[in-house]
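*Asks:* Quick one: the structure is below, and I'll ask about it shortly.
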Amino acid sequence: MAERIVLQNVKRVNEEAIDLAIDDGVIAEIAGAGSLGGDRVIDLAGCYVSSGWIDLHVHAFPAFDPYGDEIDEIGVKQGVTTIVDAGSCGADRIAELAASRAQARTRLFALLNVSRIGLARIDELSDLVWIDRAQAMSAIRALPDFIVGLKARISSSVVRESGLEPLRIARQFAQVASLPLMVHVGSKPPRTEEILPLLAEGDVVTHYLNGKSNKLFDDAGRPLPELMAARARGVRLDVGHGTASFSFRVAEAAKANGVHFDTISSDLYRGNRLNGPVYSLARVMSKFLYLGYPLKEVVAGVTSRAAAWLNMPELGRIQVGDRANLTLFEVRREPVALVDSEGDERIGHLHLAAKGVIANGRFMEC
Ligand SMILES: [Zn+2]
């Protein structure tokens, strides 16, 4: 006998109130609020529903302390049903990360670090011997349902004397594997003006709102010409807040100049989850509500757009017949102190709070 869970009186981000029936983990019916009944009715008046949130940039390999975390701590426990580990592991240990999925309720994918050693060291691209094509390709072939792209961290402390060479090699790997590349930007060298021209359609720049001197905007807040050219080629922009990579000042100027995010991600690991300034994906999303982005856009940044980049549109929609993958959340009208990576504080008036998820068909409170 199928169990029917009904989520009652829940709002979509367009404010439409609905009931949602889930039979044995599959979305069976979507109807007007108050019209459906079932074995287990959960009244969610005041709550929103979206497809399950996706965080495209986290670190979920606890062995690499402090740059790792437990999968469900940065996943379902904070309303995120899918996370993408952004290059914690290279070919050496990616199989271990893949195996850790068995213990988790959060769906996990990975971007393979082009350095085989991954974040075992934080200068993982400083020696080109660690960028091993055969090893990378064999990892990608072995884990086709897990590796969704490549990751290269192109900043001075990571590449040291290697300059742009790791990025050139990473782009070749991506080309050969037909996968997109996520590039982390930070302190120079290499300069942002040299990095952006090497990226192709579908590649992602993470940390695009960082406030470092090598940022993607000039001192007046205008986007660099190389950034506009990359946008025009189809290069995407991802937030990747992190400990050091989100500046309100830059974010305000970027928005004023019409340069908007494609996806919102956290760059969470244990340290910046427990001690800030990141805390959770919901907190990062609240910062974009503060910046004046509509709720619909902010949610699209962690649902449909992230799913589109993953080439898994089913993860970014609510549709009858799909396996239920949902996030339930509140938008509280209350003051919230929001601190960026530079220590700048803003007081927001909308506070996003995850209430629960339906992950892999099962309901769980946050
Ligand atoms: Zn990261």
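Just so we're on the same page: first chain in the structure tokens is A, next is B, and so on; residues restart at 1 for each chain, and ligands are numbered from 1 in the order they show up.
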List all protein, DNA and RNA residues that have any atom at most 9 Å from ligand 1, counting only C-alpha atoms and all ligand atoms, and write the list as a VMD selection string.
*Replies:* chain A and resid 57 to 59 67 85 to 88 153 184 206 to 207 240 to 242 266 to 269
*Asks:* Would you give me, as JSON lines, each residue of range 58-105 of chain A having an atom within 10 Å of an atom of range 138-150 of chain A, along with its shortest atom pair and that distance in Å to one decimal, using only C-alpha atoms and sorting by chain and residue number?
*Replies:*
```
{"residue": "A:Val84", "atom": "CA", "partner": "A:Val148", "partner_atom": "CA", "distance": 8.5}
{"residue": "A:Asp85", "atom": "CA", "partner": "A:Ile147", "partner_atom": "CA", "distance": 9.5}
{"residue": "A:Ala86", "atom": "CA", "partner": "A:Leu150", "partner_atom": "CA", "distance": 8.2}
{"residue": "A:Gly87", "atom": "CA", "partner": "A:Leu150", "partner_atom": "CA", "distance": 7.3}
{"residue": "A:Gly90", "atom": "CA", "partner": "A:Ala139", "partner_atom": "CA", "distance": 8.6}
{"residue": "A:Ala91", "atom": "CA", "partner": "A:Ala139", "partner_atom": "CA", "distance": 5.7}
{"residue": "A:Asp92", "atom": "CA", "partner": "A:Ala139", "partner_atom": "CA", "distance": 8.7}
{"residue": "A:Arg93", "atom": "CA", "partner": "A:Ala139", "partner_atom": "CA", "distance": 9.5}
{"residue": "A:Ile94", "atom": "CA", "partner": "A:Ala139", "partner_atom": "CA", "distance": 7.4}
{"residue": "A:Ala95", "atom": "CA", "partner": "A:Ala139", "partner_atom": "CA", "distance": 7.9}
{"residue": "A:Leu97", "atom": "CA", "partner": "A:Phe146", "partner_atom": "CA", "distance": 9.7}
{"residue": "A:Ala98", "atom": "CA", "partner": "A:Phe146", "partner_atom": "CA", "distance": 6.9}
{"residue": "A:Arg101", "atom": "CA", "partner": "A:Phe146", "partner_atom": "CA", "distance": 9.8}
```
*Asks:* Hey, can you spit out that residue selection with N, CA, C and O atoms as a short mmCIF file (atom, residue, chain, number, x, y, z; two decimals), in the first residue's frame?
*Replies:*
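And here is the file that came out, selection.cif:
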```cif
data_model
loop_
_atom_site.label_atom_id
_atom_site.label_comp_id
_atom_site.auth_asym_id
_atom_site.auth_seq_id
_atom_site.Cartn_x
_atom_site.Cartn_y
_atom_site.Cartn_z
N VAL A 84 27.73 19.94 -4.67
CA VAL A 84 28.82 19.61 -5.59
C VAL A 84 30.12 19.94 -4.88
O VAL A 84 30.38 21.11 -4.55
N ASP A 85 30.90 18.92 -4.61
CA ASP A 85 32.22 19.17 -4.03
C ASP A 85 33.10 19.76 -5.13
O ASP A 85 33.29 19.17 -6.18
N ALA A 86 33.61 20.97 -4.84
CA ALA A 86 34.34 21.70 -5.87
C ALA A 86 35.83 21.49 -5.74
O ALA A 86 36.57 22.34 -5.23
N GLY A 87 36.28 20.32 -6.18
CA GLY A 87 37.71 20.08 -6.32
C GLY A 87 38.47 19.77 -5.05
O GLY A 87 39.68 19.96 -5.00
N GLY A 90 41.46 15.25 -6.21
CA GLY A 90 41.90 14.94 -7.56
C GLY A 90 41.83 13.44 -7.77
O GLY A 90 41.19 12.72 -6.98
N ALA A 91 42.49 12.97 -8.81
CA ALA A 91 42.39 11.55 -9.17
C ALA A 91 42.82 10.63 -8.03
O ALA A 91 42.29 9.53 -7.88
N ASP A 92 43.75 11.07 -7.18
CA ASP A 92 44.25 10.19 -6.12
C ASP A 92 43.16 9.70 -5.18
O ASP A 92 43.18 8.56 -4.75
N ARG A 93 42.22 10.60 -4.81
CA ARG A 93 41.27 10.23 -3.75
C ARG A 93 39.80 10.42 -4.13
O ARG A 93 38.93 10.28 -3.27
N ILE A 94 39.52 10.68 -5.39
CA ILE A 94 38.14 10.93 -5.79
C ILE A 94 37.25 9.70 -5.56
O ILE A 94 36.06 9.84 -5.26
N ALA A 95 37.83 8.51 -5.65
CA ALA A 95 37.02 7.30 -5.45
C ALA A 95 36.52 7.21 -4.00
O ALA A 95 35.42 6.74 -3.75
N LEU A 97 35.87 9.83 -2.09
CA LEU A 97 34.79 10.80 -1.98
C LEU A 97 33.50 10.21 -2.57
O LEU A 97 32.43 10.31 -1.98
N ALA A 98 33.63 9.55 -3.71
CA ALA A 98 32.46 8.94 -4.36
C ALA A 98 31.84 7.87 -3.45
O ALA A 98 30.62 7.78 -3.31
N ARG A 101 29.22 8.68 -0.60
CA ARG A 101 27.80 8.91 -0.90
C ARG A 101 26.91 7.89 -0.21
O ARG A 101 25.76 8.19 0.12
#
```
*Asks:* Which one of A:Ser126, A:Ser50, A:Thr243, A:Ser100 sits closest to Val298 in chain A if you count only C-alpha atoms?
*Replies:* A:Ser50
*Asks:* For a quick check of understanding, using only C-alpha atoms, which of A:Glu330, A:Asp203, A:Asp219, A:Asp344 has the smallest distance to Phe248 in chain A?
*Replies:*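 Closest residue, counting only C-alpha atoms: A:Asp344.
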*Asks:* Within 12 Å of Ile154 in chain A, counting only C-alpha atoms, which residues show up once you throw out same-chain ones fewer than 4 positions away? Write them as an mmCIF file with N, CA and C atoms, in the first residue's frame, please.
*Replies:*
```cif
data_model
loop_
_atom_site.group_PDB
_atom_site.id
_atom_site.type_symbol
_atom_site.label_atom_id
_atom_site.label_comp_id
_atom_site.auth_asym_id
_atom_site.auth_seq_id
_atom_site.Cartn_x
_atom_site.Cartn_y
_atom_site.Cartn_z
ATOM 1 N N ASN A 113 39.434 17.904 -9.167
ATOM 2 C CA ASN A 113 40.575 18.826 -9.207
ATOM 3 C C ASN A 113 41.552 18.334 -10.281
ATOM 4 N N VAL A 114 42.003 19.225 -11.135
ATOM 5 C CA VAL A 114 42.925 18.790 -12.196
ATOM 6 C C VAL A 114 44.271 18.361 -11.613
ATOM 7 N N SER A 115 44.532 18.790 -10.381
ATOM 8 C CA SER A 115 45.712 18.277 -9.684
ATOM 9 C C SER A 115 45.346 16.951 -9.030
ATOM 10 N N ILE A 122 47.659 23.080 -0.248
ATOM 11 C CA ILE A 122 46.899 24.204 -0.816
ATOM 12 C C ILE A 122 47.669 24.918 -1.931
ATOM 13 N N ASP A 123 48.797 24.322 -2.353
ATOM 14 C CA ASP A 123 49.461 24.816 -3.570
ATOM 15 C C ASP A 123 49.470 23.685 -4.601
ATOM 16 N N GLU A 124 48.274 23.104 -4.772
ATOM 17 C CA GLU A 124 48.163 21.852 -5.532
ATOM 18 C C GLU A 124 48.491 21.963 -7.013
ATOM 19 N N LEU A 125 48.605 23.200 -7.531
ATOM 20 C CA LEU A 125 48.952 23.349 -8.954
ATOM 21 C C LEU A 125 50.340 23.955 -9.138
ATOM 22 N N SER A 126 51.131 23.987 -8.059
ATOM 23 C CA SER A 126 52.437 24.645 -8.156
ATOM 24 C C SER A 126 53.468 23.763 -8.860
ATOM 25 N N VAL A 158 48.203 29.118 -5.071
ATOM 26 C CA VAL A 158 47.939 27.754 -5.545
ATOM 27 C C VAL A 158 48.889 27.370 -6.676
ATOM 28 N N VAL A 159 49.088 28.300 -7.626
ATOM 29 C CA VAL A 159 49.905 27.963 -8.812
ATOM 30 C C VAL A 159 51.372 28.347 -8.628
ATOM 31 N N ARG A 160 51.648 29.246 -7.704
ATOM 32 C CA ARG A 160 53.009 29.760 -7.468
ATOM 33 C C ARG A 160 53.703 30.130 -8.782
ATOM 34 N N GLU A 161 54.820 29.430 -9.136
ATOM 35 C CA GLU A 161 55.591 29.821 -10.330
ATOM 36 C C GLU A 161 54.995 29.272 -11.630
ATOM 37 N N SER A 162 53.941 28.483 -11.532
ATOM 38 C CA SER A 162 53.420 27.830 -12.751
ATOM 39 C C SER A 162 52.577 28.751 -13.620
ATOM 40 N N GLY A 163 52.174 29.883 -13.083
ATOM 41 C CA GLY A 163 51.462 30.878 -13.890
ATOM 42 C C GLY A 163 50.166 30.346 -14.484
ATOM 43 N N LEU A 164 50.018 30.582 -15.803
ATOM 44 C CA LEU A 164 48.773 30.198 -16.476
ATOM 45 C C LEU A 164 48.786 28.760 -16.990
ATOM 46 N N GLU A 165 49.949 28.106 -16.894
ATOM 47 C CA GLU A 165 50.056 26.775 -17.499
ATOM 48 C C GLU A 165 49.025 25.775 -16.936
ATOM 49 N N PRO A 166 48.822 25.743 -15.608
ATOM 50 C CA PRO A 166 47.792 24.820 -15.087
ATOM 51 C C PRO A 166 46.411 25.084 -15.686
ATOM 52 N N LEU A 167 46.093 26.347 -15.938
ATOM 53 C CA LEU A 167 44.783 26.664 -16.521
ATOM 54 C C LEU A 167 44.708 26.182 -17.965
ATOM 55 N N ARG A 168 45.795 26.377 -18.720
ATOM 56 C CA ARG A 168 45.789 25.909 -20.118
ATOM 57 C C ARG A 168 45.594 24.398 -20.168
ATOM 58 N N ILE A 169 46.291 23.697 -19.261
ATOM 59 C CA ILE A 169 46.168 22.232 -19.237
ATOM 60 C C ILE A 169 44.752 21.835 -18.802
ATOM 61 N N ALA A 170 44.221 22.531 -17.798
ATOM 62 C CA ALA A 170 42.870 22.222 -17.311
ATOM 63 C C ALA A 170 41.840 22.364 -18.433
ATOM 64 N N LEU A 181 34.528 23.441 -16.917
ATOM 65 C CA LEU A 181 35.606 23.729 -15.969
ATOM 66 C C LEU A 181 35.155 24.853 -15.039
ATOM 67 N N MET A 182 35.323 24.625 -13.732
ATOM 68 C CA MET A 182 35.106 25.714 -12.779
ATOM 69 C C MET A 182 36.468 26.252 -12.376
ATOM 70 N N VAL A 183 36.605 27.565 -12.494
ATOM 71 C CA VAL A 183 37.878 28.196 -12.153
ATOM 72 C C VAL A 183 37.688 29.109 -10.955
ATOM 73 N N HIS A 184 38.532 28.899 -9.950
ATOM 74 C CA HIS A 184 38.558 29.779 -8.791
ATOM 75 C C HIS A 184 39.508 30.921 -9.115
ATOM 76 N N VAL A 185 39.072 32.154 -8.833
ATOM 77 C CA VAL A 185 39.955 33.306 -9.007
ATOM 78 C C VAL A 185 40.223 33.929 -7.646
ATOM 79 N N GLY A 186 41.400 34.540 -7.514
ATOM 80 C CA GLY A 186 41.786 35.141 -6.238
ATOM 81 C C GLY A 186 42.937 36.097 -6.463
ATOM 82 N N SER A 187 43.960 35.978 -5.617
ATOM 83 C CA SER A 187 45.064 36.939 -5.713
ATOM 84 C C SER A 187 45.955 36.657 -6.919
ATOM 85 N N LYS A 188 46.553 37.731 -7.476
ATOM 86 C CA LYS A 188 47.441 37.576 -8.626
ATOM 87 C C LYS A 188 48.873 37.375 -8.169
ATOM 88 N N PRO A 189 49.758 36.938 -9.098
ATOM 89 C CA PRO A 189 49.439 36.463 -10.443
ATOM 90 C C PRO A 189 48.836 35.054 -10.409
ATOM 91 N N PRO A 190 48.197 34.624 -11.522
ATOM 92 C CA PRO A 190 47.939 35.342 -12.764
ATOM 93 C C PRO A 190 46.855 36.412 -12.594
ATOM 94 N N ARG A 191 46.893 37.406 -13.471
ATOM 95 C CA ARG A 191 45.895 38.463 -13.447
ATOM 96 C C ARG A 191 44.582 37.968 -14.039
ATOM 97 N N THR A 192 43.502 38.490 -13.480
ATOM 98 C CA THR A 192 42.165 38.150 -13.973
ATOM 99 C C THR A 192 42.049 38.393 -15.478
ATOM 100 N N GLU A 194 44.167 37.938 -17.652
ATOM 101 C CA GLU A 194 44.793 36.852 -18.434
ATOM 102 C C GLU A 194 44.008 35.547 -18.300
ATOM 103 N N ILE A 195 43.313 35.409 -17.184
ATOM 104 C CA ILE A 195 42.590 34.154 -16.913
ATOM 105 C C ILE A 195 41.318 34.062 -17.753
ATOM 106 N N LEU A 196 40.518 35.140 -17.716
ATOM 107 C CA LEU A 196 39.185 35.087 -18.339
ATOM 108 C C LEU A 196 39.208 34.723 -19.828
ATOM 109 N N LEU A 198 40.882 32.665 -21.350
ATOM 110 C CA LEU A 198 41.141 31.242 -21.585
ATOM 111 C C LEU A 198 39.913 30.370 -21.313
ATOM 112 N N LEU A 199 38.822 30.965 -20.817
ATOM 113 C CA LEU A 199 37.635 30.174 -20.466
ATOM 114 C C LEU A 199 36.673 30.064 -21.652
ATOM 115 N N VAL A 205 33.184 30.826 -13.519
ATOM 116 C CA VAL A 205 34.105 31.533 -12.629
ATOM 117 C C VAL A 205 33.456 31.548 -11.253
ATOM 118 N N THR A 206 34.114 30.930 -10.272
ATOM 119 C CA THR A 206 33.587 30.993 -8.915
ATOM 120 C C THR A 206 34.351 32.064 -8.147
ATOM 121 N N HIS A 207 33.697 32.622 -7.103
ATOM 122 C CA HIS A 207 34.225 33.770 -6.344
ATOM 123 C C HIS A 207 34.150 35.061 -7.162
ATOM 124 N N ASN A 214 42.749 41.725 -7.294
ATOM 125 C CA ASN A 214 42.709 41.092 -8.624
ATOM 126 C C ASN A 214 41.273 40.770 -9.043
#
```
*Asks:* Enumerate, as a PyMOL selection string, the complete set of residues in range 48-248 of chain A that a backbone-based DSSP assignment places in strand (DSSP E or B).
*Replies:* chain A and resi 48-51+53-58+80-86+107-113+147-154+181-185+204-206+217+223+236-238
*Asks:* I'd like the contact shell of Val250 in chain A - 9 Å cut-off, only C-alpha atoms, skipping same-chain residues fewer than 3 positions apart - returned as a short mmCIF file (atom, residue, chain, number, x, y, z; two decimals) with C-alpha atoms, in the first residue's frame.
*Replies:*
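Below you can see result_24.cif, which holds the result:
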```
data_model
loop_
_atom_site.label_atom_id
_atom_site.label_comp_id
_atom_site.auth_asym_id
_atom_site.auth_seq_id
_atom_site.Cartn_x
_atom_site.Cartn_y
_atom_site.Cartn_z
CA LEU A 209 32.29 38.92 -6.19
CA ASN A 210 35.58 38.67 -4.32
CA GLY A 211 36.98 41.94 -3.01
CA LYS A 215 38.90 41.21 -8.79
CA PHE A 217 35.73 44.77 -11.62
CA GLY A 221 33.03 48.89 -9.82
CA PHE A 246 32.42 37.72 -1.09
CA SER A 247 32.42 41.50 -0.76
CA ALA A 253 28.69 47.66 -7.72
CA ALA A 254 28.28 44.51 -9.83
CA LYS A 255 24.51 44.68 -9.50
#
```
*Asks:* When you look at Arg317 in chain A with a cut-off of 8 Å (counting only C-alpha atoms), what residues show up, excluding the ones that are within fewer than 2 positions of it in the same chain? I need them as a count of residues only.
*Replies:* 8
*Asks:* If you run DSSP over the backbone, which residues in range 42-107 of chain A end up alpha helix (DSSP H)? Put them as a compact mmCIF listing (two decimals) with all heavy atoms, in the first residue's frame.
*Replies:*
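Output file result18.txt follows:
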```txt
# COMPACT_ATOMS: atom_id res chain seq x y z
N ILE A 94 39.52 10.68 -5.39
CA ILE A 94 38.14 10.93 -5.79
C ILE A 94 37.25 9.70 -5.56
O ILE A 94 36.06 9.84 -5.26
CB ILE A 94 38.08 11.41 -7.28
CG1 ILE A 94 36.70 11.99 -7.62
CG2 ILE A 94 38.44 10.30 -8.25
CD1 ILE A 94 36.44 13.38 -7.14
N ALA A 95 37.83 8.51 -5.65
CA ALA A 95 37.02 7.30 -5.45
C ALA A 95 36.52 7.21 -4.00
O ALA A 95 35.42 6.74 -3.75
CB ALA A 95 37.82 6.06 -5.83
N GLU A 96 37.36 7.69 -3.06
CA GLU A 96 36.93 7.70 -1.65
C GLU A 96 35.77 8.66 -1.45
O GLU A 96 34.83 8.37 -0.70
CB GLU A 96 38.07 8.19 -0.75
CG GLU A 96 39.09 7.14 -0.37
CD GLU A 96 40.26 7.82 0.34
OE1 GLU A 96 40.07 8.25 1.50
OE2 GLU A 96 41.33 7.95 -0.28
N LEU A 97 35.87 9.83 -2.09
CA LEU A 97 34.79 10.80 -1.98
C LEU A 97 33.50 10.21 -2.57
O LEU A 97 32.43 10.31 -1.98
CB LEU A 97 35.17 12.10 -2.71
CG LEU A 97 34.13 13.23 -2.68
CD1 LEU A 97 33.87 13.72 -1.26
CD2 LEU A 97 34.58 14.40 -3.56
N ALA A 98 33.63 9.55 -3.71
CA ALA A 98 32.46 8.94 -4.36
C ALA A 98 31.84 7.87 -3.45
O ALA A 98 30.62 7.78 -3.31
CB ALA A 98 32.86 8.32 -5.70
N ALA A 99 32.68 7.11 -2.77
CA ALA A 99 32.18 6.04 -1.89
C ALA A 99 31.43 6.61 -0.70
O ALA A 99 30.52 5.97 -0.16
CB ALA A 99 33.35 5.18 -1.43
```
*Asks:* Restricting the calculation to only C-alpha atoms: of A:Val320, A:Ile5, A:Leu216, A:Cys47, which residue gets closest to Asp24 in chain A?
*Replies:*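 For Asp24 in chain A, the nearest of the given residues is A:Ile5.
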*Asks:* Show me, as a list in words, the residues that have an atom within 7 Å of range 282-291 of chain A when counting only C-alpha atoms, minus same-chain residues fewer than 4 positions from it.
*Replies:* Glu252, Ser266, Val278, Leu295, Val298, Leu338, Gly348, Leu350, His351, Leu352, Ala353 and Ala354 of chain A
*Asks:* Tell me, as a PyMOL selection string, which residues lie within 12 Å of Ala306 in chain A, counting only C-alpha atoms; anything in the same chain fewer than 3 positions away does not count.
*Replies:* chain A and resi 51-57+82-84+148+202+204+236-239+261-265+298-303+309-317
